[in-house]
Structure formats: C-alpha cells, structure tokens
file input06.txt (compact mmCIF, C-alpha atoms)
# COMPACT_ATOMS: atom_id res chain seq x y z
CA MET A 1 10.25 152.87 16.42
CA GLN A 2 7.45 151.01 18.11
CA GLU A 3 9.25 147.74 17.60
CA LEU A 4 12.45 149.21 19.04
CA VAL A 5 10.67 150.38 22.17
CA LEU A 6 9.08 146.98 22.55
CA SER A 7 12.22 144.91 22.00
CA GLN A 8 14.75 146.93 24.01
CA PRO A 9 13.75 145.94 27.56
CA VAL A 10 13.37 142.32 26.53
CA SER A 11 16.81 142.23 24.96
CA THR A 12 18.31 143.93 28.00
CA VAL A 13 16.82 141.32 30.28
CA ARG A 14 17.91 138.53 27.95
CA SER A 15 21.49 139.81 27.73
CA GLU A 16 21.53 140.22 31.50
CA LEU A 17 20.40 136.64 31.92
CA VAL A 18 23.02 135.43 29.43
CA ARG A 19 25.68 137.38 31.30
CA GLU A 20 24.48 135.94 34.59
CA ALA A 21 24.63 132.41 33.17
CA ALA A 22 28.17 133.01 31.89
CA ARG A 23 29.13 134.33 35.30
CA ALA A 24 27.70 131.25 36.97
CA ASP A 25 29.66 129.03 34.56
CA ALA A 26 32.85 130.94 35.28
CA GLN A 27 32.23 130.66 38.99
CA ARG A 28 31.73 126.91 38.74
CA GLU A 29 34.88 126.53 36.67
CA PHE A 30 36.86 128.65 39.10
CA GLU A 31 35.66 126.59 42.06
CA GLU A 32 36.85 123.46 40.29
CA ARG A 33 40.30 125.01 39.81
CA LEU A 34 40.50 126.35 43.32
CA ALA A 35 41.39 123.03 44.96
CA GLU A 36 44.16 122.45 42.41
CA CYS A 37 45.57 125.95 42.17
CA GLY A 38 45.12 127.18 45.74
CA PRO A 39 48.20 125.29 46.99
CA LEU A 40 50.22 126.60 44.05
CA ALA A 41 49.41 130.20 44.93
CA TYR A 42 50.25 129.53 48.55
CA ARG A 43 53.60 127.88 47.77
CA VAL A 44 54.67 130.72 45.50
CA ALA A 45 53.85 133.21 48.24
CA ARG A 46 55.50 131.05 50.90
CA SER A 47 58.70 130.76 48.87
CA VAL A 48 58.97 134.51 48.62
CA LEU A 49 57.79 135.47 52.10
CA ARG A 50 58.98 132.44 54.09
CA ASN A 51 56.18 133.06 56.53
CA THR A 52 53.07 130.88 56.80
CA ALA A 53 50.55 133.51 57.88
CA ASP A 54 51.64 136.12 55.36
CA ALA A 55 51.75 133.51 52.61
CA GLU A 56 48.20 132.45 53.38
CA ASP A 57 46.98 136.05 53.27
CA VAL A 58 48.75 136.65 49.99
CA ALA A 59 47.42 133.40 48.48
CA GLN A 60 43.88 134.36 49.46
CA GLU A 61 44.25 137.79 47.95
CA ALA A 62 45.74 136.33 44.77
CA LEU A 63 42.91 133.83 44.42
CA LEU A 64 40.28 136.54 44.95
CA ARG A 65 41.91 138.73 42.34
CA ALA A 66 42.09 135.78 39.98
CA TYR A 67 38.41 135.12 40.55
CA LYS A 68 37.48 138.72 39.80
CA GLY A 69 39.40 138.63 36.53
CA PHE A 70 38.55 135.05 35.63
CA GLU A 71 35.71 135.99 33.24
CA ARG A 72 38.02 138.31 31.33
CA LEU A 73 40.70 135.62 30.94
CA ARG A 74 40.45 134.65 27.28
CA ASP A 75 42.48 131.45 27.40
CA ARG A 76 41.66 129.51 30.54
CA THR A 77 44.59 127.14 29.94
CA HIS A 78 46.86 129.99 31.03
CA PHE A 79 45.14 130.24 34.37
CA ARG A 80 47.92 128.65 36.41
CA GLY A 81 50.62 130.89 34.97
CA TRP A 82 48.41 133.89 35.50
CA LEU A 83 47.72 132.95 39.11
CA VAL A 84 51.42 132.32 39.74
CA ARG A 85 52.27 135.80 38.48
CA ILE A 86 49.57 137.43 40.62
CA SER A 87 50.70 135.54 43.68
CA PHE A 88 54.37 136.25 43.01
CA ARG A 89 53.79 139.99 42.53
CA LEU A 90 51.63 140.27 45.63
CA ALA A 91 54.18 138.38 47.71
CA LEU A 92 57.01 140.61 46.49
CA ASP A 93 54.94 143.70 47.29
CA LYS A 94 54.20 142.42 50.77
CA LEU A 95 57.85 141.55 51.33
CA ARG A 96 58.98 145.01 50.26
CA SER A 97 56.33 146.82 52.27
CA GLY A 98 57.21 144.67 55.28
CA LYS A 99 60.85 145.57 54.89
CA ARG A 100 60.04 149.25 54.58
CA ARG A 101 57.88 149.05 57.67
CA GLU A 102 60.64 147.22 59.50
CA GLN A 103 63.13 149.90 58.54
CA ARG A 104 60.75 152.63 59.66
CA ASP A 105 60.14 150.91 62.96
CA THR A 106 63.86 150.46 63.46
CA LEU A 107 64.56 154.08 62.71
CA TRP A 108 61.82 155.69 64.77
CA SER A 109 60.69 153.29 67.47
CA GLN A 110 63.69 151.26 68.48
CA PRO A 111 67.22 151.99 69.40
CA ALA A 112 69.46 151.15 66.46
CA HIS A 113 71.65 148.74 68.39
CA LEU A 114 68.79 146.37 69.39
CA PRO A 115 67.65 143.71 66.95
CA PRO A 116 63.89 143.51 66.18
CA PRO A 117 62.01 141.02 68.37
CA LEU A 118 61.90 137.51 66.93
CA THR A 119 58.74 135.46 66.53
CA ALA A 120 58.71 131.73 67.22
CA GLU A 121 58.81 131.11 63.50
CA ASP A 122 61.74 133.43 63.07
CA VAL A 123 63.60 131.59 65.82
CA VAL A 124 63.03 128.27 64.09
CA ALA A 125 64.15 129.75 60.79
CA SER A 126 67.04 131.63 62.24
CA ASN A 127 69.81 130.02 60.38
CA GLN A 128 72.71 131.98 59.11
CA PHE A 129 72.82 130.32 55.76
CA GLN A 130 69.09 130.79 55.26
CA ASN A 131 69.40 134.47 55.96
CA HIS A 132 72.22 134.80 53.47
CA LEU A 133 70.25 132.83 50.93
CA GLU A 134 67.18 135.03 51.39
CA ARG A 135 69.26 138.11 50.85
CA ALA A 136 70.85 136.58 47.79
CA LEU A 137 67.42 135.66 46.43
CA ASP A 138 66.17 139.21 46.98
CA GLY A 139 69.01 140.46 44.83
CA LEU A 140 68.03 138.28 41.88
CA PRO A 141 66.09 139.72 38.97
CA GLU A 142 62.38 138.82 39.26
CA LYS A 143 62.31 136.71 36.11
CA PHE A 144 65.16 134.55 37.46
CA ARG A 145 63.58 134.32 40.86
CA LEU A 146 60.21 133.17 39.58
CA VAL A 147 61.69 130.43 37.43
CA LEU A 148 63.95 129.26 40.24
CA LEU A 149 61.04 129.18 42.64
CA LEU A 150 58.85 127.16 40.30
CA SER A 151 61.65 124.73 39.46
CA ALA A 152 62.01 123.95 43.17
CA MET A 153 58.37 122.95 43.44
CA GLU A 154 57.44 119.31 43.31
CA GLY A 155 55.34 118.16 40.43
CA TYR A 156 56.38 120.70 37.82
CA THR A 157 58.75 119.79 35.05
CA VAL A 158 60.79 122.38 33.17
CA GLU A 159 58.45 121.96 30.18
CA GLU A 160 55.44 122.65 32.38
CA ILE A 161 57.09 125.73 33.84
CA ALA A 162 57.86 126.99 30.34
CA ALA A 163 54.22 126.49 29.33
CA MET A 164 52.99 128.03 32.56
CA ILE A 165 54.89 131.29 32.29
CA GLY A 166 54.82 131.37 28.50
CA VAL A 167 58.55 131.40 27.71
CA PRO A 168 60.59 128.98 25.59
CA LEU A 169 62.01 125.88 27.23
CA GLY A 170 65.60 126.93 26.53
CA THR A 171 65.00 130.27 28.22
CA VAL A 172 63.67 128.54 31.33
CA LYS A 173 66.71 126.24 31.48
CA SER A 174 69.20 129.06 31.03
CA ARG A 175 67.42 131.19 33.64
CA ILE A 176 67.56 128.37 36.17
CA PHE A 177 71.24 127.80 35.46
CA LEU A 178 72.18 131.49 35.68
CA ALA A 179 70.08 132.03 38.81
CA ARG A 180 71.74 129.17 40.64
CA LYS A 181 75.16 130.39 39.56
CA LYS A 182 74.44 133.89 40.79
CA LEU A 183 73.25 132.54 44.13
CA ALA A 184 76.34 130.40 44.46
CA GLU A 185 78.57 133.40 43.74
CA LYS A 186 76.92 135.36 46.52
CA LEU A 187 76.93 132.49 48.99
CA ARG A 188 80.40 131.12 48.35
CA CYS A 189 81.92 133.32 51.02
CA HIS A 190 79.35 131.97 53.47
CA ALA A 191 79.98 128.36 52.61
CA ASN A 192 81.52 127.81 56.01
CA THR A 193 78.13 128.44 57.63
CA ILE A 194 76.73 125.47 55.74
CA LYS A 195 79.17 123.13 57.36
CA ARG A 196 78.03 124.21 60.80
CA ARG A 197 74.35 123.43 60.11
CA MET B 1 92.63 126.74 46.03
CA PRO B 2 91.60 125.21 42.73
CA CYS B 3 93.74 125.62 39.66
CA LYS B 4 92.98 128.86 37.84
CA HIS B 5 92.51 127.06 34.51
CA TYR B 6 89.85 124.68 35.84
CA LYS B 7 88.09 126.96 38.30
CA GLU B 8 85.32 128.12 35.92
CA ALA B 9 84.88 124.68 34.43
CA LEU B 10 84.33 123.03 37.80
CA ILE B 11 81.82 125.70 38.86
CA GLU B 12 79.91 125.25 35.60
CA ALA B 13 79.89 121.50 36.11
CA ALA B 14 78.60 121.85 39.66
CA ALA B 15 75.96 124.40 38.65
CA SER B 16 74.64 122.30 35.81
CA GLY B 17 74.45 119.23 38.01
CA ALA B 18 75.91 117.17 35.19
CA ALA B 19 78.90 114.88 35.52
CA PRO B 20 82.26 116.64 34.87
CA SER B 21 83.72 116.34 31.39
CA GLY B 22 86.50 113.85 30.59
CA GLU B 23 89.29 116.45 30.80
CA LEU B 24 88.05 117.73 34.13
CA ARG B 25 87.70 114.21 35.44
CA LEU B 26 91.28 113.49 34.47
CA HIS B 27 92.40 116.67 36.21
CA PHE B 28 90.50 115.72 39.35
CA GLY B 29 92.47 112.50 39.37
CA GLU B 30 95.68 114.49 39.47
CA CYS B 31 94.67 117.63 41.50
CA ALA B 32 93.33 117.16 45.02
CA SER B 33 92.58 120.86 45.57
CA CYS B 34 90.38 121.05 42.45
CA ARG B 35 88.65 117.84 43.56
CA GLU B 36 88.04 119.42 46.93
CA ALA B 37 86.81 122.68 45.35
CA PHE B 38 84.40 120.75 43.12
CA ALA B 39 83.00 118.88 46.13
CA GLN B 40 82.50 122.21 47.94
CA GLU B 41 80.70 123.67 44.94
CA GLN B 42 78.44 120.62 44.74
CA PHE B 43 77.72 120.96 48.45
CA LEU B 44 76.90 124.65 48.06
CA PHE B 45 74.49 124.03 45.21
CA SER B 46 72.82 121.14 47.01
CA ALA B 47 72.40 123.38 50.09
CA ILE B 48 70.83 126.09 47.95
CA ASP B 49 68.54 123.58 46.25
CA SER B 50 67.46 121.88 49.46
CA ASP B 51 66.61 125.19 51.07
CA ARG B 52 64.63 126.33 48.06
CA HIS B 53 62.92 122.97 47.90
CA ALA B 54 61.89 123.19 51.54
CA ALA B 55 60.53 126.70 51.07
CA ALA B 56 58.70 125.90 47.85
CA ASN B 57 57.04 122.71 49.06
CA ALA B 58 55.86 123.83 52.44
CA GLU B 59 52.72 122.15 53.66
CA VAL B 60 49.62 124.01 52.61
CA PRO B 61 47.37 124.89 55.56
CA ALA B 62 44.10 123.00 55.39
CA SER B 63 42.23 126.20 56.12
CA LEU B 64 43.38 127.89 52.92
CA VAL B 65 40.76 126.63 50.46
CA PRO B 66 37.79 126.90 52.87
CA ARG B 67 38.83 130.44 53.78
CA VAL B 68 39.10 131.40 50.13
CA ARG B 69 35.68 129.85 49.48
CA ALA B 70 34.20 131.82 52.36
CA ARG B 71 35.67 135.05 51.05
CA LEU B 72 34.41 134.23 47.57
CA GLU B 73 30.93 133.75 48.97
CA GLU B 74 31.18 137.13 50.66
CA THR B 75 32.25 138.68 47.38
CA ILE B 76 29.55 136.99 45.31
CA ALA B 77 26.63 137.47 47.69
CA PRO B 78 26.48 141.30 47.61
CA ARG B 79 26.90 141.26 43.86
CA LEU B 80 23.95 138.92 43.36
CA GLY B 81 21.98 140.79 46.00
CA TRP B 82 22.39 143.90 43.94
CA MET B 83 21.75 142.16 40.63
CA GLN B 84 18.62 140.21 41.50
CA PRO B 85 16.32 143.18 42.14
CA LEU B 86 17.63 144.79 38.98
CA VAL B 87 16.83 141.73 36.88
CA LEU B 88 13.45 141.37 38.58
CA ALA B 89 12.59 145.03 38.06
CA SER B 90 13.57 144.99 34.40
CA ALA B 91 11.55 141.79 33.86
CA CYS B 92 8.51 143.44 35.50
CA VAL B 93 8.91 146.54 33.34
CA ALA B 94 9.15 144.42 30.21
CA LEU B 95 6.08 142.41 31.21
CA ALA B 96 4.05 145.53 31.99
CA PHE B 97 5.07 147.06 28.69
CA ALA B 98 4.09 143.94 26.78
CA VAL B 99 0.67 143.87 28.52
CA PHE B 100 0.19 147.56 27.73
CA LEU B 101 1.01 147.01 24.08
CA MET B 102 -1.38 144.08 23.83
CA ALA B 103 -4.21 145.89 25.63
CA ARG B 104 -4.16 149.25 23.90
CA PRO B 105 -6.27 149.88 20.77
CA HIS B 106 -4.24 149.58 17.64
CA HIS B 107 -4.05 152.74 15.54
CA ALA B 108 -2.34 151.85 12.36
CA ALA B 109 -0.14 154.39 10.70
CA PRO B 110 -1.19 155.47 7.19
CA GLU B 111 1.84 153.72 5.71
CA GLU B 112 0.90 150.51 7.47
CA VAL B 113 -2.68 150.80 6.21
CA ALA B 114 -1.43 151.14 2.69
CA LYS B 115 0.57 147.96 3.11
CA GLN B 116 -2.30 146.05 4.67
CA GLY B 117 -4.72 144.11 2.55
CA PRO B 118 -8.41 144.72 2.77
CA VAL B 119 -10.16 143.54 5.93
CA MET B 120 -13.35 141.58 5.89
CA VAL B 121 -16.17 143.28 7.71
CA PRO B 122 -19.79 142.27 7.74
CA ALA B 123 -21.80 144.48 5.46
CA PRO B 124 -24.70 146.17 7.09
CA THR B 125 -27.85 144.32 6.15
CA ALA B 126 -30.44 146.20 4.20
CA PRO B 127 -33.68 146.90 6.04
CA LYS B 128 -36.42 144.38 5.39
CA THR B 129 -38.96 147.07 4.60
CA ASN B 130 -37.07 147.92 1.48
CA ALA B 131 -38.94 146.62 -1.57
CA ASN B 132 -35.92 146.47 -3.80
CA PRO B 133 -32.87 145.72 -1.74
CA GLU B 134 -30.61 145.68 -4.75
CA LYS B 135 -31.14 149.37 -5.23
CA ILE B 136 -29.39 150.28 -2.03
CA SER B 137 -27.19 147.25 -1.78
CA PRO B 138 -23.54 148.05 -1.22
CA SER B 139 -22.84 145.75 -4.11
CA GLY B 140 -23.56 148.61 -6.44
CA SER B 141 -21.22 149.97 -9.04
CA GLN B 142 -18.80 151.61 -6.56
CA ILE B 143 -19.07 149.50 -3.44
CA GLY B 144 -19.25 146.29 -5.38
CA ALA B 145 -15.67 146.86 -6.41
CA LEU B 146 -14.67 146.11 -2.85
CA ARG B 147 -16.16 142.66 -2.90
CA VAL B 148 -13.71 139.84 -3.22
CA ASN B 149 -15.43 136.76 -4.54
CA HIS B 150 -12.82 134.18 -3.77
CA PHE B 151 -13.16 134.61 0.03
CA GLN B 152 -15.34 131.94 1.50
CA VAL B 153 -17.09 133.42 4.51
CA ALA B 154 -19.04 131.23 6.88
CA SER B 155 -21.51 133.96 7.78
CA SER B 156 -24.85 134.04 5.96
CA ASN B 157 -24.76 137.87 5.86
CA ARG B 158 -23.44 139.55 2.84
CA GLU B 159 -19.98 140.90 3.52
CA VAL B 160 -17.62 143.21 1.82
CA LEU B 161 -13.92 143.66 2.24
CA VAL B 162 -13.13 147.13 3.49
CA PRO B 163 -9.78 148.57 4.50
CA PRO B 164 -9.81 149.41 8.19
CA ASP B 165 -9.75 153.17 7.71
CA GLU B 166 -12.75 153.07 5.35
CA ARG B 167 -15.10 151.10 7.60
CA GLU B 168 -16.69 154.15 9.12
CA GLY B 169 -17.12 155.80 5.73
CA LEU B 170 -18.80 152.70 4.36
CA ALA B 171 -21.19 152.52 7.27
CA HIS B 172 -22.04 156.17 6.76
CA LEU B 173 -22.57 155.58 3.04
CA VAL B 174 -24.90 152.66 3.65
CA ALA B 175 -26.90 154.71 6.15
CA THR B 176 -27.15 157.53 3.61
CA LEU B 177 -28.25 155.11 0.92
CA ASN B 178 -30.95 153.77 3.20
CA GLU B 179 -32.28 157.26 3.82
CA ARG B 180 -31.94 158.74 0.34
CA ARG B 181 -33.06 156.51 -2.43
CA ASP B 182 -32.40 159.09 -5.14
CA PHE B 183 -28.75 159.09 -4.16
CA ALA B 184 -28.68 155.32 -4.42
CA VAL B 185 -30.26 155.46 -7.86
CA ALA B 186 -27.75 158.04 -8.97
CA LEU B 187 -24.93 155.87 -7.76
CA ARG B 188 -26.26 152.86 -9.64
CA ALA B 189 -26.78 154.82 -12.84
CA GLN B 190 -24.37 153.83 -15.57
CA ARG B 191 -21.68 156.32 -16.24
CA PRO B 192 -21.46 157.50 -19.83
CA GLU B 193 -18.48 155.74 -21.21
CA LYS B 194 -15.85 158.07 -22.45
CA LYS B 195 -13.51 156.88 -25.07
CA ASP B 196 -9.88 157.60 -24.46
CA GLY B 197 -8.62 160.42 -26.60
CA LEU B 198 -5.82 162.86 -26.69
CA VAL B 199 -6.09 165.44 -24.02
CA THR B 200 -5.92 168.92 -25.39
CA VAL B 201 -4.57 171.70 -23.23
CA ASP B 202 -5.46 175.28 -23.99
CA PRO B 203 -2.48 177.58 -24.48
CA LEU B 204 -1.54 179.59 -21.46
CA GLN B 205 -2.75 183.16 -21.47
CA ILE B 206 -0.03 185.42 -20.20
CA SER B 207 -0.71 189.10 -19.97
CA ASP B 208 1.92 191.52 -21.24
CA ILE B 209 4.66 192.28 -18.78
CA GLU B 210 4.95 195.90 -17.86
CA ILE B 211 8.43 196.94 -16.88
CA LYS B 212 8.69 199.83 -14.45
CA PRO B 213 11.95 201.44 -13.28
CA LEU B 214 12.72 201.07 -9.60
CA GLU B 215 12.36 204.17 -7.55
CA GLY B 216 15.56 205.86 -6.34
CA THR B 217 17.91 204.00 -8.70
CA GLU B 218 19.83 205.47 -11.56
CA THR B 219 18.74 204.45 -14.99
CA GLU B 220 21.33 202.93 -17.15
CA THR B 221 21.17 203.17 -20.89
CA SER B 222 23.56 201.51 -23.19
CA ASP B 223 24.62 203.09 -26.41
CA GLY B 224 25.67 199.78 -27.81
CA ALA B 225 29.39 200.56 -27.66
CA GLY B 226 29.90 199.17 -24.20
CA GLU B 227 29.75 202.57 -22.52
CA THR B 228 27.32 203.35 -19.79
CA HIS B 229 26.04 206.77 -18.93
call {"tool": "encode", "arguments": {"input": "input06.txt", "output": "structure tokens"}}
result
Amino acid sequence: MQELVLSQPVSTVRSELVREAARADAQREFEERLAECGPLAYRVARSVLRNTADAEDVAQEALLRAYKGFERLRDRTHFRGWLVRISFRLALDKLRSGKRREQRDTLWSQPAHLPPPLTAEDVVASNQFQNHLERALDGLPEKFRLVLLLSAMEGYTVEEIAAMIGVPLGTVKSRIFLARKKLAEKLRCHANTIKRR
Amino acid sequence: MPCKHYKEALIEAAASGAAPSGELRLHFGECASCREAFAQEQFLFSAIDSDRHAAANAEVPASLVPRVRARLEETIAPRLGWMQPLVLASACVALAFAVFLMARPHHAAPEEVAKQGPVMVPAPTAPKTNANPEKISPSGSQIGALRVNHFQVASSNREVLVPPDEREGLAHLVATLNERRDFAVALRAQRPEKKDGLVTVDPLQISDIEIKPLEGTETETSDGAGETH
C-alpha cells in the first residue's frame, strides 16, 4: 500500500510526460506534412465549391480537424486519403448549406424574378456550360465525384488515387469511366453551349 | 444523327478516351454522321475534362499554409498553457511526497520485521566499576545467542545483533542486569538439562451431565414402537 501511494504520482507524471512527448512528435510530423498536404485539401475544396475564399476556409478547417485527430490516426500512410475525405465532406456541407441559405434568401428577402447579385468571381465564372457542369456534378453520387475530382488533379496517378482512398484500382477506373459517362449524358443537350465558348 | 447500331459504341469509345475499334473505324469511313457524332462526343468529354482540370488545379493561395500554422499555434497554445501548470503541480506534489517519505521516521510493520535480518547495534558497555564484567555481560546464555560471530565490526566495543523491535528491551535488560546482580547470576546459571521423553497427558475429567427437561415444553416418551404420546 505504501509503495502504491509512493509510486502513483510519479507514474502519473511520467505517463503525462510520455504523452506530451508523443504529442510533440505528432505535431512535428504534422507540420512536415502540412506543406505537402495543404494544397491537396485546398484543391479538393476548390473543386467542389469553385470559390477561392470558401475553399481556403474549408481547407483550413479540414487541416485543423486533421491535426486534432492526427494522434489517433493509427496508420499515418493513410493521412492523405483521410485529409481528402475530411476536406471533401466539409466542402460538400458548405456547398449544401450555402445553397440552402441562398434558397432561403431568395424566398424571403428577394423578389423571385430577380437573380441573386453576382460577385466579381461569379461574373468571371459565369459560363453557361460551367453552370450546367456544376449542376451535373452535384447530381453525381459522392463516391463517383470524389474519384473524378482526384483524377483531374495533376500529380496523382490512378494507382495513387486507389491507394489514397483505399479502393481497388479497377474500382477507381470504372468509377471514373461511369462518372464521365453520366456527366456526358447530362450535358449532351447543352453541347451547343460549348461551341459558343 | 448517328446510326442506332453504333451509337453506344461510339459513346463508349469517346468516354474511354481510347482509339475506336476496327469495326467502328471502318464504319466511320463509310458513315459521315457517325464520324461527326464521335467528334462531338470527343469534344464534349474534352470540355468536361478541361473544366474539371481547371477547377482541380487552381492555384493555391500563398496565405493558406501560414494561416493554418497560425491557427494551429492558437489551438496548441491554450492546450499547453493548461497542461504546463498541471504537470508542474503534479511534479511538485510527487517531490514533496518523496521528501516526506524520506524524512519521516520509519516504523516497520511486524511482518516486515519478521522478514528483516537482525540489525547490528552497539552493545551497552559494562560499567568499569564492575569487578567481574562477564557476570553481567550480554554475552550470557540468553543474550549471547544473538551474537553473530562472522560479522566483522570495526568498532572496538562489543556489539550484538538485535532485531530493531528488541533494541529497547535489550537496553532495559542490560540496565536491569547492571542493577541486580542476583538476576544476572540466575540468568547465567545452567539450566538443568531435560532429556526428551514422551509427553503424557492426563485424561480429561468430565463431570456427569445432568439432563433437565425444558420448562413449558411437553415431554415426549417413546414406547419403542414408533408412537409418541
């Protein structure tokens, strides 16, 4: 009993110090990955949101969440895939909440016949085909959308994408193929708008 | 309008990005509308791909990583600020406890004493006035059993090994021996040696048991045929 009373505070301090050291190691490792994976998180968010400011906010949030859960991540080699998923989910959430807000604003604050005011970025991006494509992308299942998004990024092969999101290579290929086909089906009737670009 | 038979095939070929198969290529040579439809499909897919490519490879703002680092610092700083006093306080408590344990007098538990070996303590020296120090020396018949000869002690005083809980008793005994010589003589006297023999135990004397009936209860007598009255 005496020994227990004597050793308990010492072991608590020791385990606290060990935990603190592990946390410092994790922090260092995360900082090293930040420069490499920050742009990835941003590009995923940017592909979904198509807005620079929102994408940056989402990327920041995704990286902070990744940092908070980094110690709990058992296999650090899956970090990129994990970060991509966080970023993708957050971007989709923001997109949906933005759309809901837009609908609310349209219903309650503005007359229905007037379009919402355009920002400078919206004006630059105001292209008929792009709008149709965005709508078509929104209609895709998430698993197709994520694979399509990653396949469009420079520097990632299909094999790397498969490893990143943890699905077989064949599945990635078939998802890309089916996603593109679905998009084409939806956009075929708007093909004439491409010619005018 | 493309031919119905080749419509799916040309879309598949355009979607896959691969070159059209031999049959399709032959058909394209013969059918201008299918060739035109295939070109349109290729154009559609390339438009989709280029748009996706542009969106997915947008330039990353230079402020992104520094801003994330700054927010990380904000997140980490309060956590460490909360942790450091805790670690410091627990270290102080542990240190104070260790100092307390080292400083306090050690009272050994009886079980621990039983496990411990005998402790060497200096034997109280006999007074010089005593004419025959051997008479009251602790190295008598009983106390002498405590002496361990194989210990080499640097001190010139005679010493005996005494368990820690018997030190006080020994000191008291030596003081008594110094005062009462007759007691010392009695202690030194040889005990009559008893030879081991069988121990005889007297039979137990048990007085007769008197059985009295309990008050207020019916008496039962048996007639030996299983009937009770």
call {"tool": "closest_residue", "arguments": {"input": "input06.txt", "among": "B:Leu24, B:Leu204, B:Ile48, B:Val162", "to": "Glu185 (chain A)", "atoms": "all atoms listed in the file"}}
result
B:Ile48
call {"tool": "residues_around", "arguments": {"input": "input06.txt", "residues": "Phe79 (chain A)", "least_positions_apart": "3", "cutoff": "9 Å", "atoms": "all atoms listed in the file", "output": "PyMOL selection string"}}
result
chain A and resi 33+37+66+70+73+75-76+82-84+164
call {"tool": "interface_residues", "arguments": {"input": "input06.txt", "of": "chain B", "to": "chain A", "cutoff": "6 Å", "atoms": "only C-alpha atoms", "output": "MDAnalysis selection string"}}
result
chainID B and resid 53 55:57 60 68 94
call {"tool": "atom_distance", "arguments": {"input": "input06.txt", "atom1": "CA of Asp49 (chain B)", "atom2": "CA of Leu146 (chain A)"}}
result
14.3 Å
call {"tool": "atom_distance", "arguments": {"input": "input06.txt", "atom1": "CA of Phe100 (chain B)", "atom2": "CA of Leu86 (chain B)"}}
result
20.9 Å
call {"tool": "atom_distance", "arguments": {"input": "input06.txt", "atom1": "CA of Ser33 (chain B)", "atom2": "CA of Pro2 (chain B)"}}
result
5.3 Å
call {"tool": "closest_residue", "arguments": {"input": "input06.txt", "among": "A:Ala22, A:Val172, A:Val58, A:Cys189", "to": "Val147 (chain A)", "atoms": "only C-alpha atoms"}}
result
A:Val172
